[in-house]
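Colleague: Before anything else, here's the structure in question.
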Amino acid sequence: GAMHTVADECDGDEGGDVSLLQLRKAAITEDLGAFQGFEGDEHCDKCAFDFESAGGCGYLFRGKFAHAAKVLPLGCEKCDLEITRLCNDKQAPDCIQCVAKFKDNGGCRGIFLKNQTEINEKTPTNCAPCGQQAADACY
């Protein structure tokens, strides 16, 4: 039995090397689809941290998704959950203030007219996540 265990351990190590090589290759080709679920949480936490440091959360909240995609670190495409969570924690807007500002800006007219452009113009910076509260407050 003992020899069997040793062989298994060796196989395990080899497997580890192969995955690392594959992961490196995948990272180079940016084909990370094959490795969905492969990254650990720590990897995604670092992704989220780097993304936030690069100003990614600000872009997200302003709806500038192309900019956000540009600052997304390589290989972090599968980490949107962690990134969203971190961004929300960092920049959770004070919706009460947001709604008040939105109404002061005359934003309710846009909501009544269902005019998205006008709504966007009247939405204070970083207040996009409060859209539902703002709409409710107008009625």
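Chain lettering (A, B, ...) mirrors the order of the structure tokens, residue numbering begins at 1 for each chain separately, and ligand numbering begins at 1 in order of display.
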Within 12 Å of Gln132 of chain A, counting only C-alpha atoms, which residues show up once you throw out same-chain ones fewer than 5 positions away? Write them as a list in words, please.
Modeller: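 What passes the distance filter is Cys95, Ile96, Cys98, Val99, Phe102, Cys108, Ile111, Ile119, Thr123, Cys127, Ala137, Cys138 and Tyr139 of chain A.
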Colleague: Please, what distance in Å, to one decimal, runs between atom CA of Arg85 of chain A and atom CA of Gly56 of chain A?
Modeller: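 Answer for the atom CA of Arg85 of chain A to atom CA of Gly56 of chain A separation: 12.7 Å.
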Colleague: For atom CA of Glu77 of chain A and atom CA of Gly58 of chain A, quote the distance in Å rounded to one decimal.
Modeller: 17.8 Å
